[in-house]
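Q: Data file coords01.cif (mmCIF, C-alpha atoms) is appended below.
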data_target
loop_
_atom_site.label_atom_id
_atom_site.label_comp_id
_atom_site.auth_asym_id
_atom_site.auth_seq_id
_atom_site.Cartn_x
_atom_site.Cartn_y
_atom_site.Cartn_z
CA MET H 87 53.93 -177.71 -49.05
CA SER H 88 55.60 -177.96 -45.67
CA THR H 89 56.95 -174.69 -44.34
CA PRO H 90 59.51 -174.82 -41.57
CA PRO H 91 59.00 -172.11 -38.94
CA LEU H 92 61.44 -169.25 -39.14
CA ALA H 93 63.28 -168.31 -36.00
CA TYR H 94 64.33 -164.70 -35.60
CA ARG H 95 66.28 -162.97 -32.90
CA LYS H 96 65.61 -159.31 -32.13
CA ILE H 97 68.43 -156.85 -32.47
CA PRO H 98 68.33 -154.09 -29.84
CA GLY H 99 67.01 -150.72 -30.92
CA GLY H 100 64.00 -149.58 -32.86
CA GLY H 101 63.17 -146.66 -35.04
CA LEU H 102 60.23 -144.40 -35.73
CA SER H 103 59.78 -142.58 -39.01
CA TRP H 104 57.06 -141.56 -41.43
CA LYS H 105 57.34 -145.09 -42.89
CA GLY H 106 56.32 -146.64 -39.56
CA ARG H 107 57.98 -148.36 -36.64
CA GLY H 108 61.12 -150.21 -37.63
CA GLY H 109 63.11 -153.07 -36.17
CA LEU H 110 65.87 -155.47 -37.17
CA TRP H 111 65.81 -159.23 -36.63
CA LEU H 112 68.51 -161.79 -37.20
CA GLY H 113 67.48 -164.85 -39.16
CA GLU H 114 69.37 -168.02 -40.00
CA ASP H 115 71.04 -166.61 -43.08
CA HIS H 116 69.67 -163.09 -43.40
CA LEU H 117 68.90 -159.86 -41.64
CA LEU H 118 65.19 -159.03 -41.64
CA GLU H 119 64.02 -155.44 -41.50
CA VAL H 120 60.45 -155.14 -40.22
CA THR H 121 58.54 -151.90 -40.70
CA SER H 122 55.09 -151.90 -39.13
CA ILE H 123 52.32 -149.40 -39.67
CA VAL H 124 49.48 -150.12 -37.24
CA VAL H 125 48.31 -153.49 -38.62
CA LEU H 126 50.58 -153.88 -41.65
CA GLU H 127 54.09 -155.30 -41.49
CA GLN H 128 56.54 -154.89 -44.34
CA TYR H 129 59.70 -156.95 -44.67
CA ARG H 130 63.09 -156.54 -46.34
CA ARG H 131 65.74 -159.24 -46.31
CA PHE H 132 69.48 -158.79 -46.55
CA PHE H 133 71.43 -162.01 -46.88
CA PHE H 134 74.62 -162.25 -44.85
CA ARG H 135 76.64 -163.61 -47.77
CA GLU H 136 75.82 -160.52 -49.84
CA ALA H 137 76.49 -157.82 -47.24
CA ARG H 138 79.53 -155.74 -48.16
CA ALA H 139 79.53 -153.01 -45.50
CA PHE H 140 77.57 -151.81 -42.50
CA VAL H 141 77.72 -148.13 -41.65
CA VAL H 142 76.27 -146.05 -38.84
CA GLN H 143 75.79 -142.44 -39.91
CA ARG H 144 75.43 -139.78 -37.25
CA THR H 145 72.41 -137.50 -37.83
CA ASN H 146 71.17 -134.34 -36.14
CA LEU H 147 67.57 -135.53 -35.65
CA ARG H 148 67.98 -135.55 -31.87
CA PHE H 149 69.07 -131.91 -31.98
CA LEU H 150 66.16 -131.00 -34.29
CA TRP H 151 63.58 -132.83 -32.17
CA SER H 152 64.90 -131.34 -28.95
CA TRP H 153 64.37 -127.85 -30.42
CA ILE H 154 60.89 -128.70 -31.74
CA LEU H 155 59.70 -130.40 -28.54
CA GLY H 156 61.39 -127.88 -26.27
CA GLY H 157 60.10 -124.93 -28.30
CA VAL H 158 56.50 -126.12 -28.39
CA GLY H 159 56.66 -127.10 -24.72
CA ALA H 160 58.06 -123.70 -23.75
CA ALA H 161 55.42 -121.88 -25.81
CA LEU H 162 52.64 -123.89 -24.15
CA ALA H 163 54.16 -123.26 -20.72
CA LEU H 164 54.26 -119.54 -21.50
CA VAL H 165 50.55 -119.55 -22.42
CA ALA H 166 49.72 -121.55 -19.27
CA GLY H 167 51.78 -119.18 -17.11
CA SER H 168 50.15 -116.13 -18.67
CA ALA H 169 46.66 -117.52 -18.07
CA LEU H 170 47.58 -118.32 -14.47
CA TRP H 171 49.02 -114.86 -13.97
CA VAL H 172 45.83 -113.23 -15.34
CA ALA H 173 43.71 -115.42 -13.05
CA LEU H 174 45.74 -114.61 -9.96
CA ALA H 175 46.11 -110.92 -10.75
CA ASN H 176 42.34 -110.49 -11.05
CA GLU H 177 41.36 -112.57 -8.07
CA LYS H 178 38.64 -110.16 -7.06
CA GLU H 179 36.87 -110.32 -10.41
CA ASP H 180 34.20 -112.96 -11.04
CA TRP H 181 35.65 -114.06 -14.39
CA HIS H 182 39.09 -114.89 -13.04
CA VAL H 183 38.12 -118.55 -12.51
CA ALA H 184 37.69 -118.98 -16.27
CA PHE H 185 41.43 -118.46 -16.75
CA PHE H 186 42.32 -121.43 -14.55
CA VAL H 187 40.94 -123.85 -17.16
CA PRO H 188 43.35 -122.85 -20.01
CA ALA H 189 46.15 -122.60 -17.43
CA VAL H 190 45.64 -126.25 -16.43
CA LEU H 191 45.08 -127.52 -19.99
CA PHE H 192 48.08 -125.74 -21.47
CA GLY H 193 50.14 -126.71 -18.43
CA LEU H 194 49.34 -130.40 -18.95
CA ALA H 195 50.14 -130.16 -22.67
CA SER H 196 53.41 -128.43 -21.80
CA LEU H 197 54.23 -131.22 -19.34
CA CYS H 198 53.66 -133.84 -22.07
CA PHE H 199 56.09 -132.04 -24.38
CA LEU H 200 58.57 -131.70 -21.52
CA ILE H 201 58.44 -135.47 -20.91
CA LEU H 202 58.97 -136.15 -24.64
CA TRP H 203 61.84 -133.64 -24.64
CA VAL H 204 63.53 -135.43 -21.73
CA ILE H 205 63.00 -138.86 -23.37
CA ASN H 206 64.48 -137.60 -26.63
CA LEU H 207 67.55 -136.24 -24.84
CA SER H 208 68.01 -139.33 -22.68
CA LEU H 209 67.96 -141.71 -25.68
CA GLY H 210 71.30 -140.34 -26.85
CA PRO H 211 72.62 -139.13 -30.19
CA SER H 212 70.61 -140.05 -33.27
CA CYS H 213 71.89 -141.99 -36.25
CA ARG H 214 70.91 -143.89 -39.36
CA CYS H 215 72.22 -147.34 -40.27
CA HIS H 216 73.09 -148.35 -43.81
CA LEU H 217 73.87 -151.71 -45.32
CA LEU H 218 75.80 -152.05 -48.58
CA THR H 219 74.98 -154.94 -50.89
CA SER H 220 75.64 -155.61 -54.56
CA THR H 221 72.63 -153.42 -55.39
CA GLY H 222 73.91 -150.41 -53.45
CA TRP H 223 73.30 -148.74 -50.11
CA HIS H 224 70.13 -149.55 -48.20
CA ALA H 225 69.05 -147.21 -45.40
CA LEU H 226 67.66 -149.25 -42.50
CA SER H 227 64.70 -148.11 -40.45
CA ALA H 228 66.38 -149.10 -37.17
CA PRO H 229 68.23 -148.55 -34.90
CA THR H 230 68.07 -144.76 -34.85
CA ARG H 231 70.10 -144.07 -31.71
CA LEU H 232 73.86 -144.35 -31.62
CA GLY H 233 74.20 -146.46 -28.46
CA LYS H 234 71.85 -149.16 -29.73
CA ALA H 235 73.30 -148.94 -33.23
CA GLU H 236 76.79 -149.70 -31.95
CA ARG H 237 75.52 -152.79 -30.18
CA ALA H 238 73.57 -153.82 -33.30
CA GLN H 239 76.68 -153.32 -35.41
CA VAL H 240 78.65 -155.73 -33.22
CA GLN H 241 75.94 -158.41 -33.50
CA ILE H 242 75.41 -157.98 -37.24
CA ALA H 243 79.13 -157.91 -38.00
CA ALA H 244 79.64 -161.09 -36.01
CA VAL H 245 77.04 -163.08 -37.94
CA ILE H 246 78.15 -161.69 -41.31
CA GLN H 247 81.77 -162.56 -40.60
CA THR H 248 80.70 -166.03 -39.53
CA ALA H 249 78.89 -166.44 -42.84
CA GLN H 250 81.59 -164.90 -45.06
CA GLY H 251 84.79 -165.39 -43.14
CA PRO H 252 87.00 -162.61 -41.80
CA ALA H 253 87.65 -159.61 -44.02
CA PRO H 254 91.23 -158.95 -45.14
CA THR H 255 92.75 -156.05 -43.24
CA ALA H 256 95.50 -153.56 -44.02
CA GLU H 257 97.63 -155.11 -41.26
CA ALA H 258 97.26 -158.54 -42.83
CA ALA H 259 98.79 -157.21 -46.04
CA THR H 260 102.09 -156.35 -44.40
CA PRO H 261 104.51 -159.31 -44.21
CA MET X 176 102.92 -167.98 -44.92
CA PRO X 177 102.97 -164.85 -47.09
CA THR X 178 99.81 -162.77 -46.97
CA VAL X 179 98.29 -161.15 -50.02
CA ALA X 180 97.20 -157.54 -50.06
CA PRO X 181 93.43 -157.19 -50.46
CA VAL X 182 92.35 -156.25 -53.95
CA GLU X 183 90.13 -153.19 -54.14
CA SER X 184 86.94 -153.77 -56.10
CA GLY X 185 85.97 -150.15 -56.62
CA SER X 186 85.70 -147.14 -54.40
CA LEU X 187 83.46 -147.11 -51.34
CA THR X 188 80.97 -144.24 -51.36
CA CYS X 189 79.41 -142.27 -48.53
CA PRO X 190 75.82 -143.49 -47.93
CA ALA X 191 74.71 -139.92 -47.27
CA CYS X 192 76.17 -138.00 -50.22
CA GLY X 193 77.68 -140.59 -52.56
CA ALA X 194 81.21 -139.18 -52.41
CA ALA X 195 84.10 -141.64 -52.54
CA LEU X 196 85.49 -142.70 -49.15
CA GLY X 197 88.04 -145.31 -50.20
CA PRO X 198 87.96 -148.92 -49.02
CA TYR X 199 89.77 -148.08 -45.77
CA GLY X 200 87.73 -144.98 -45.01
CA LEU X 201 85.70 -146.83 -42.37
CA ASP X 202 86.52 -147.84 -38.84
CA ALA X 203 84.30 -149.93 -36.58
CA THR X 204 85.63 -148.39 -33.39
CA GLN X 205 86.33 -144.79 -34.37
CA GLU X 206 84.14 -142.31 -36.17
CA ALA X 207 85.41 -141.07 -39.51
CA VAL X 208 84.17 -138.00 -41.36
CA CYS X 209 83.04 -137.98 -44.98
CA PRO X 210 85.37 -135.60 -46.85
CA ALA X 211 82.47 -134.19 -48.87
CA CYS X 212 79.46 -133.83 -46.56
CA ARG X 213 81.35 -133.88 -43.22
CA VAL X 214 78.91 -136.38 -41.74
CA GLY X 215 80.20 -138.75 -39.05
CA LEU X 216 80.44 -142.38 -40.20
CA ARG X 217 81.35 -145.52 -38.32
CA GLY X 218 81.26 -149.01 -39.77
CA GLN X 219 83.13 -151.84 -41.33
CA LEU X 220 83.64 -153.70 -44.55
CA PHE X 221 83.06 -157.40 -44.95
CA ARG X 222 84.75 -160.00 -47.08
CA ALA X 223 82.12 -159.70 -49.83
CA TRP X 224 83.42 -156.18 -50.50
CA TRP X 225 86.71 -157.61 -51.81
CA THR X 226 85.41 -160.95 -53.04
CA PRO X 227 81.74 -160.67 -54.03
CA PRO X 228 79.85 -163.97 -54.11
CA ALA X 229 79.64 -165.65 -57.49
CA SER X 230 76.87 -164.37 -59.72
CA GLY X 231 73.88 -166.63 -59.67
CA LEU X 232 74.08 -167.42 -63.38
CA ALA X 233 72.98 -170.98 -63.86
CA THR X 234 75.21 -173.41 -65.69
CA PHE X 235 73.94 -176.83 -66.61
CA GLU X 236 75.45 -180.00 -67.93
CA ARG X 237 74.01 -182.47 -70.41
CA ALA X 238 73.04 -185.79 -68.85
CA MET X 239 75.02 -188.85 -69.76
CA GLU X 240 73.53 -192.28 -70.24
CA GLY X 241 72.16 -193.66 -66.96
CA GLU X 242 72.40 -190.38 -65.04
CA ALA X 243 69.49 -188.79 -63.17
CA VAL X 244 67.88 -186.03 -65.22
CA CYS X 245 65.95 -182.88 -64.43
CA PHE X 246 62.16 -183.30 -64.21
CA PHE X 247 61.62 -180.19 -66.35
CA HIS X 248 64.60 -180.58 -68.69
CA PRO X 249 65.08 -184.30 -69.47
CA SER X 250 68.33 -183.62 -71.34
CA ASN X 251 69.98 -181.88 -68.35
CA ARG X 252 71.78 -183.67 -65.55
CA ALA X 253 69.99 -183.44 -62.19
CA ALA X 254 71.87 -181.32 -59.68
CA LEU X 255 69.68 -181.72 -56.59
CA PRO X 256 66.09 -182.55 -55.55
CA CYS X 257 63.39 -179.98 -54.76
CA ASP X 258 63.15 -179.64 -50.97
CA SER X 259 59.37 -179.52 -51.19
CA CYS X 260 58.21 -182.09 -53.77
CA GLY X 261 61.40 -184.11 -54.28
CA ARG X 262 61.58 -183.71 -58.07
CA PHE X 263 65.08 -183.77 -59.52
CA LEU X 264 66.20 -180.37 -60.73
CA CYS X 265 68.99 -179.11 -62.92
CA SER X 266 70.82 -175.94 -61.98
CA VAL X 267 68.53 -173.92 -64.26
CA CYS X 268 65.38 -175.00 -62.40
CA ASP X 269 66.92 -174.82 -58.93
CA LEU X 270 65.50 -171.77 -57.16
CA PRO X 271 67.22 -171.17 -53.84
CA VAL X 272 64.79 -169.63 -51.34
CA GLY X 273 66.56 -168.90 -48.08
CA SER X 274 68.28 -172.14 -47.15
CA ARG X 275 65.96 -174.29 -49.28
CA HIS X 276 65.99 -175.26 -52.95
CA LEU X 277 62.64 -175.29 -54.72
CA CYS X 278 61.37 -176.06 -58.18
CA PRO X 279 59.43 -173.39 -60.16
CA VAL X 280 56.08 -175.17 -59.51
CA CYS X 281 56.51 -175.24 -55.73
CA LEU X 282 57.72 -171.66 -55.73
CA SER X 283 54.68 -170.45 -57.67
CA LYS X 284 52.39 -172.40 -55.30
CA GLY X 285 54.10 -170.73 -52.39
CA LEU X 286 53.85 -167.29 -53.97
CA GLY X 287 50.14 -167.68 -54.65
CA LYS X 288 49.05 -168.59 -51.15
CA GLU X 289 51.76 -166.86 -49.17
CA LYS X 290 52.95 -170.21 -47.82
CA LEU X 291 56.63 -169.43 -48.11
CA PRO X 292 57.71 -167.21 -45.26
CA GLU X 293 61.07 -166.63 -46.95
CA ILE X 294 59.59 -164.55 -49.75
CA ILE X 295 56.79 -162.66 -48.05
CA SER X 296 57.23 -158.90 -48.35
CA ARG X 297 54.23 -157.74 -46.31
CA ARG X 298 51.53 -159.09 -44.05
CA ILE X 299 48.32 -157.79 -42.56
CA LEU X 300 48.12 -158.72 -38.88
CA TRP X 301 44.56 -159.83 -38.26
CA SER X 302 44.91 -160.18 -34.52
CA ARG X 303 46.25 -156.65 -34.20
CA THR X 304 43.43 -155.38 -36.44
CA ALA X 305 40.89 -156.98 -34.10
CA LEU X 306 42.64 -155.38 -31.12
CA TRP X 307 42.58 -151.93 -32.70
CA LEU X 308 38.91 -152.31 -33.62
CA GLY X 309 38.25 -153.37 -30.05
CA VAL X 310 40.24 -150.70 -28.24
CA VAL X 311 40.03 -147.45 -30.22
CA PRO X 312 36.21 -147.11 -30.43
CA LEU X 313 35.99 -147.77 -26.68
CA PHE X 314 38.23 -144.79 -25.97
CA LEU X 315 36.08 -142.67 -28.25
CA SER X 316 32.82 -144.25 -27.12
CA MET X 317 31.34 -140.95 -25.93
CA ALA X 318 31.47 -139.59 -29.48
CA LEU X 319 31.23 -142.86 -31.36
CA TRP X 320 28.52 -144.73 -29.45
CA PRO X 321 26.14 -144.94 -32.45
CA VAL X 322 28.77 -146.95 -34.39
CA LEU X 323 29.87 -149.17 -31.48
CA PHE X 324 27.62 -151.92 -32.81
CA MET X 325 29.46 -151.92 -36.15
CA SER X 326 33.01 -151.53 -34.79
CA GLY X 327 32.39 -154.15 -32.11
CA GLY X 328 30.91 -156.54 -34.65
CA ALA X 329 33.84 -155.90 -36.97
CA ALA X 330 36.30 -156.65 -34.14
CA VAL X 331 34.54 -159.96 -33.43
CA ILE X 332 34.44 -160.95 -37.11
CA VAL X 333 38.08 -160.01 -37.74
CA ALA X 334 39.22 -161.90 -34.63
CA LEU X 335 37.35 -165.04 -35.71
CA VAL X 336 38.25 -164.85 -39.43
CA GLY X 337 41.91 -164.17 -38.69
CA TRP X 338 42.22 -166.83 -35.98
CA ASN X 339 44.07 -169.27 -38.26
CA ARG X 340 45.56 -166.74 -40.65
CA PRO X 341 49.35 -166.42 -40.61
CA GLY X 342 50.58 -163.76 -38.24
CA SER X 343 53.71 -161.70 -37.99
CA LEU X 344 56.88 -163.35 -39.31
CA VAL X 345 58.79 -162.40 -36.19
CA ARG X 346 56.16 -162.29 -33.44
CA GLY X 347 53.90 -165.11 -34.55
CA ARG X 348 50.09 -165.10 -34.51
CA GLN X 349 49.69 -163.10 -31.28
CA ARG X 350 46.39 -164.78 -30.44
CA TRP X 351 46.20 -162.88 -27.18
CA ALA X 352 45.50 -159.78 -29.27
CA ALA X 353 42.72 -161.56 -31.15
CA VAL X 354 41.17 -162.75 -27.87
CA LEU X 355 41.36 -159.26 -26.36
CA GLY X 356 39.87 -157.77 -29.56
CA LEU X 357 37.06 -160.34 -29.42
CA VAL X 358 36.25 -159.55 -25.78
CA LEU X 359 36.37 -155.79 -26.32
CA GLY X 360 34.25 -156.14 -29.47
CA LEU X 361 31.60 -158.02 -27.51
CA LEU X 362 31.81 -155.32 -24.83
CA GLN X 363 31.15 -152.65 -27.47
CA VAL X 364 28.11 -154.51 -28.78
CA GLY X 365 26.91 -154.92 -25.19
CA LEU X 366 27.41 -151.21 -24.53
CA TRP X 367 25.46 -150.30 -27.64
CA PHE X 368 22.54 -152.50 -26.64
CA GLY X 369 22.76 -151.05 -23.11
CA VAL X 370 22.53 -147.48 -24.38
CA ILE X 371 19.61 -148.34 -26.68
CA PHE X 372 17.84 -150.11 -23.81
CA LEU X 373 18.37 -147.16 -21.44
CA VAL X 374 17.14 -144.61 -24.00
CA SER X 375 14.02 -146.63 -24.82
CA TYR X 376 13.39 -147.28 -21.11
CA ALA X 377 13.67 -143.55 -20.31
CA ASN X 378 11.33 -142.72 -23.21
CA SER X 379 8.72 -145.24 -22.05
CA ARG X 380 8.92 -143.85 -18.50
CA SER X 381 8.41 -140.27 -19.70
CA HIS X 382 5.45 -141.29 -21.92
CA SER X 383 3.78 -143.23 -19.09
CA ARG X 384 3.83 -140.09 -16.93
#
Output the file's structure as structure tokens, nothing else.

A:
Amino acid sequence: MSTPPLAYRKIPGGGLSWKGRGGLWLGEDHLLEVTSIVVLEQYRRFFFREARAFVVQRTNLRFLWSWILGGVGAALALVAGSALWVALANEKEDWHVAFFVPAVLFGLASLCFLILWVINLSLGPSCRCHLLTSTGWHALSAPTRLGKAERAQVQIAAVIQTAQGPAPTAEAATP
Amino acid sequence: MPTVAPVESGSLTCPACGAALGPYGLDATQEAVCPACRVGLRGQLFRAWWTPPASGLATFERAMEGEAVCFFHPSNRAALPCDSCGRFLCSVCDLPVGSRHLCPVCLSKGLGKEKLPEIISRRILWSRTALWLGVVPLFLSMALWPVLFMSGGAAVIVALVGWNRPGSLVRGRQRWAAVLGLVLGLLQVGLWFGVIFLVSYANSRSHSR
């Protein structure tokens, strides 16, 4: 059986969750959600003609992650600072060198968390996208940041409206 | 031309809590708040919300004298040919898959061997497996050197076996990953032999003294 190659176009924005790394792709007549876990890719298709609504829901994951990453980073920095302080305060003792090792290790770990904290804050507010079809709401695995989701919404709405035609509006109802 | 007010086909619900929002409770440009859970929502409704597509219930017509008939139902009028094998199909046997129309036989063939990309729900990426088998053990080679022979061999086998297997639906086969996995797998095997050679060489030197 001959199988024509499928052409997909990537929609900006990804997502990371316990289900894996998510992404949305635009096909000829459907939206493809790809969730990949290391070497396994899982697919969900949403046909344009069946889409009833697309919603971006604001979430507080960015706030939660900033507290987690910032808290752990600060705790590690505190341990590193304490170890450094002990090492410097006892400079005349022979064992003071041993405290430089945890100071450096905890300092590096703290730096990693600080970088992740900055990345999380710089990515912008978090969100979750939903698509409504005849079978109900479907939570999408991507995009998970508001800026990218707004751009994705514009692209997805454009192709759905091309497939279905423009939706009737409240203004259109007034003579 | 007079315009007709859109007909509501039920109440739109909040995707987060399930409370009713109303069909005009969404705005694409401005964030609205769910009256129940107070979560911020932004979005839009499409035409299918007011006019859902027709249900896919098949209706068929009896064939008249001299008309083309369905391959599977000789009494039914043929509606269209199968896009794969060309058999005439009635609307009962027509199975739309993406933009194509297939007969039940071609669809079952496609399901069995994963030949139809339109209906695949998951795929194992062989090239990426080879890459992981090639890269990860190398990073842990200090601790994992006794198993480098196996992981390297596995990377080589997976890269070769999966060379012609279908890859990702959206990214293709990614053969560069298979090639890299193959090279790193061979490197692991080489490292393992190198370590064994060095150990045996050092042992023979110590015994000769």

Q: Distance cut-off 9 Å, counting all atoms listed in the file - which residues of chain H neighbour chain X? Return them as an mmCIF file with C-alpha atoms, keeping the file's coordinate frame.

A:
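File written: result38.cif
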data_model
loop_
_atom_site.group_PDB
_atom_site.id
_atom_site.type_symbol
_atom_site.label_atom_id
_atom_site.label_comp_id
_atom_site.auth_asym_id
_atom_site.auth_seq_id
_atom_site.Cartn_x
_atom_site.Cartn_y
_atom_site.Cartn_z
ATOM 1 C CA MET H 87 53.930 -177.710 -49.050
ATOM 2 C CA SER H 88 55.600 -177.960 -45.670
ATOM 3 C CA THR H 89 56.950 -174.690 -44.340
ATOM 4 C CA PRO H 90 59.510 -174.820 -41.570
ATOM 5 C CA PRO H 91 59.000 -172.110 -38.940
ATOM 6 C CA LEU H 92 61.440 -169.250 -39.140
ATOM 7 C CA ALA H 93 63.280 -168.310 -36.000
ATOM 8 C CA TYR H 94 64.330 -164.700 -35.600
ATOM 9 C CA ARG H 95 66.280 -162.970 -32.900
ATOM 10 C CA LYS H 96 65.610 -159.310 -32.130
ATOM 11 C CA TRP H 111 65.810 -159.230 -36.630
ATOM 12 C CA GLU H 114 69.370 -168.020 -40.000
ATOM 13 C CA ASP H 115 71.040 -166.610 -43.080
ATOM 14 C CA HIS H 116 69.670 -163.090 -43.400
ATOM 15 C CA VAL H 120 60.450 -155.140 -40.220
ATOM 16 C CA VAL H 124 49.480 -150.120 -37.240
ATOM 17 C CA VAL H 125 48.310 -153.490 -38.620
ATOM 18 C CA LEU H 126 50.580 -153.880 -41.650
ATOM 19 C CA GLU H 127 54.090 -155.300 -41.490
ATOM 20 C CA GLN H 128 56.540 -154.890 -44.340
ATOM 21 C CA TYR H 129 59.700 -156.950 -44.670
ATOM 22 C CA ARG H 130 63.090 -156.540 -46.340
ATOM 23 C CA ARG H 131 65.740 -159.240 -46.310
ATOM 24 C CA PHE H 133 71.430 -162.010 -46.880
ATOM 25 C CA ARG H 135 76.640 -163.610 -47.770
ATOM 26 C CA GLU H 136 75.820 -160.520 -49.840
ATOM 27 C CA ALA H 137 76.490 -157.820 -47.240
ATOM 28 C CA ARG H 138 79.530 -155.740 -48.160
ATOM 29 C CA ALA H 139 79.530 -153.010 -45.500
ATOM 30 C CA PHE H 140 77.570 -151.810 -42.500
ATOM 31 C CA VAL H 141 77.720 -148.130 -41.650
ATOM 32 C CA VAL H 142 76.270 -146.050 -38.840
ATOM 33 C CA GLN H 143 75.790 -142.440 -39.910
ATOM 34 C CA ARG H 144 75.430 -139.780 -37.250
ATOM 35 C CA THR H 145 72.410 -137.500 -37.830
ATOM 36 C CA HIS H 216 73.090 -148.350 -43.810
ATOM 37 C CA LEU H 217 73.870 -151.710 -45.320
ATOM 38 C CA LEU H 218 75.800 -152.050 -48.580
ATOM 39 C CA THR H 219 74.980 -154.940 -50.890
ATOM 40 C CA SER H 220 75.640 -155.610 -54.560
ATOM 41 C CA TRP H 223 73.300 -148.740 -50.110
ATOM 42 C CA HIS H 224 70.130 -149.550 -48.200
ATOM 43 C CA ALA H 225 69.050 -147.210 -45.400
ATOM 44 C CA GLU H 236 76.790 -149.700 -31.950
ATOM 45 C CA GLN H 239 76.680 -153.320 -35.410
ATOM 46 C CA VAL H 240 78.650 -155.730 -33.220
ATOM 47 C CA ALA H 243 79.130 -157.910 -38.000
ATOM 48 C CA ILE H 246 78.150 -161.690 -41.310
ATOM 49 C CA GLN H 247 81.770 -162.560 -40.600
ATOM 50 C CA GLN H 250 81.590 -164.900 -45.060
ATOM 51 C CA GLY H 251 84.790 -165.390 -43.140
ATOM 52 C CA PRO H 252 87.000 -162.610 -41.800
ATOM 53 C CA ALA H 253 87.650 -159.610 -44.020
ATOM 54 C CA PRO H 254 91.230 -158.950 -45.140
ATOM 55 C CA THR H 255 92.750 -156.050 -43.240
ATOM 56 C CA ALA H 256 95.500 -153.560 -44.020
ATOM 57 C CA ALA H 258 97.260 -158.540 -42.830
ATOM 58 C CA ALA H 259 98.790 -157.210 -46.040
ATOM 59 C CA THR H 260 102.090 -156.350 -44.400
ATOM 60 C CA PRO H 261 104.510 -159.310 -44.210
#

Q: CA of Val310 (chain X) and CA of Phe372 (chain X), how far apart in Å?

A: 22.8 Å

Q: Apply the PyMOL selection byres ((chain H and resi 209) around 12) to the structure shown and report the selected residues as a VMD selection string.

A: chain H and resid 99 to 101 147 to 149 151 to 152 202 to 208 210 to 213 229 to 235

Q: Can you list, as a list in words, the residues that the PyMOL selection byres ((chain X and resi 249-255) around 8) selects here?

A: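 With the PyMOL selection byres ((chain X and resi 249-255) around 8) on this model, the match is Phe235, Glu236, Arg237, Ala238, Met239, Glu242, Ala243, Val244, Cys245, Phe246, Phe247, His248, Pro256, Cys257, Phe263, Leu264, Cys265, Ser266 and Asp269 of chain X.
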
Q: Rounded to one decimal place, report the CA of Arg340 (chain X)-CA of Ala353 (chain X) distance in Å.

A: 11.2 Å

Q: What gap, in Å, lies between CA of Phe192 (chain H) and CA of Ala173 (chain H)?

A: 14.0 Å

Q: Which residue out of H:Leu174, H:Trp181, H:Ala195, H:Phe134 has the minimum interatomic distance to Ala160 (chain H) when all atoms listed in the file are used?

A: H:Ala195

Q: Find the residue from X:Leu277, X:Val267, X:Val331, X:Leu373 that sits nearest to Val354 (chain X); use all atoms listed in the file when measuring.

A: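 Ranked by minimum distance to Val354 (chain X), first place goes to X:Val331.
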
Q: For the structure shown, which residues end up in the PyMOL selection byres ((chain X and resi 318-324) around 12)? Put them as a ChimeraX atom specification, please?

A: /X:308-317,325-331,359-371

Q: Export C-alpha atoms of the chosen residues as a JSON list (two decimals), keeping the file's coordinate frame?

A:
[["chain", "number", "residue", "atom", "x", "y", "z"],
["X", 308, "LEU", "CA", 38.91, -152.31, -33.62],
["X", 309, "GLY", "CA", 38.25, -153.37, -30.05],
["X", 310, "VAL", "CA", 40.24, -150.70, -28.24],
["X", 311, "VAL", "CA", 40.03, -147.45, -30.22],
["X", 312, "PRO", "CA", 36.21, -147.11, -30.43],
["X", 313, "LEU", "CA", 35.99, -147.77, -26.68],
["X", 314, "PHE", "CA", 38.23, -144.79, -25.97],
["X", 315, "LEU", "CA", 36.08, -142.67, -28.25],
["X", 316, "SER", "CA", 32.82, -144.25, -27.12],
["X", 317, "MET", "CA", 31.34, -140.95, -25.93],
["X", 325, "MET", "CA", 29.46, -151.92, -36.15],
["X", 326, "SER", "CA", 33.01, -151.53, -34.79],
["X", 327, "GLY", "CA", 32.39, -154.15, -32.11],
["X", 328, "GLY", "CA", 30.91, -156.54, -34.65],
["X", 329, "ALA", "CA", 33.84, -155.90, -36.97],
["X", 330, "ALA", "CA", 36.30, -156.65, -34.14],
["X", 331, "VAL", "CA", 34.54, -159.96, -33.43],
["X", 359, "LEU", "CA", 36.37, -155.79, -26.32],
["X", 360, "GLY", "CA", 34.25, -156.14, -29.47],
["X", 361, "LEU", "CA", 31.60, -158.02, -27.51],
["X", 362, "LEU", "CA", 31.81, -155.32, -24.83],
["X", 363, "GLN", "CA", 31.15, -152.65, -27.47],
["X", 364, "VAL", "CA", 28.11, -154.51, -28.78],
["X", 365, "GLY", "CA", 26.91, -154.92, -25.19],
["X", 366, "LEU", "CA", 27.41, -151.21, -24.53],
["X", 367, "TRP", "CA", 25.46, -150.30, -27.64],
["X", 368, "PHE", "CA", 22.54, -152.50, -26.64],
["X", 369, "GLY", "CA", 22.76, -151.05, -23.11],
["X", 370, "VAL", "CA", 22.53, -147.48, -24.38],
["X", 371, "ILE", "CA", 19.61, -148.34, -26.68]]

Q: Which residue, H:Gly167, H:Leu110, H:Lys105, H:Glu119, has the smallest gap to Ala238 (chain H) when you use all atoms listed in the file?

A: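 That would be H:Leu110, the residue with the smallest distance to Ala238 (chain H).
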
Q: Once 8 Å is added on each side, what are the centre and the three edge lengths, in Å to one decimal, of the axis-aligned box enclosing the listed atoms of region 113-124 of chain H? Present them as AutoDock Vina command-line options.

A:
--center_x 60.3 --center_y -158.7 --center_z -40.3 --size_x 37.6 --size_y 34.6 --size_z 22.2
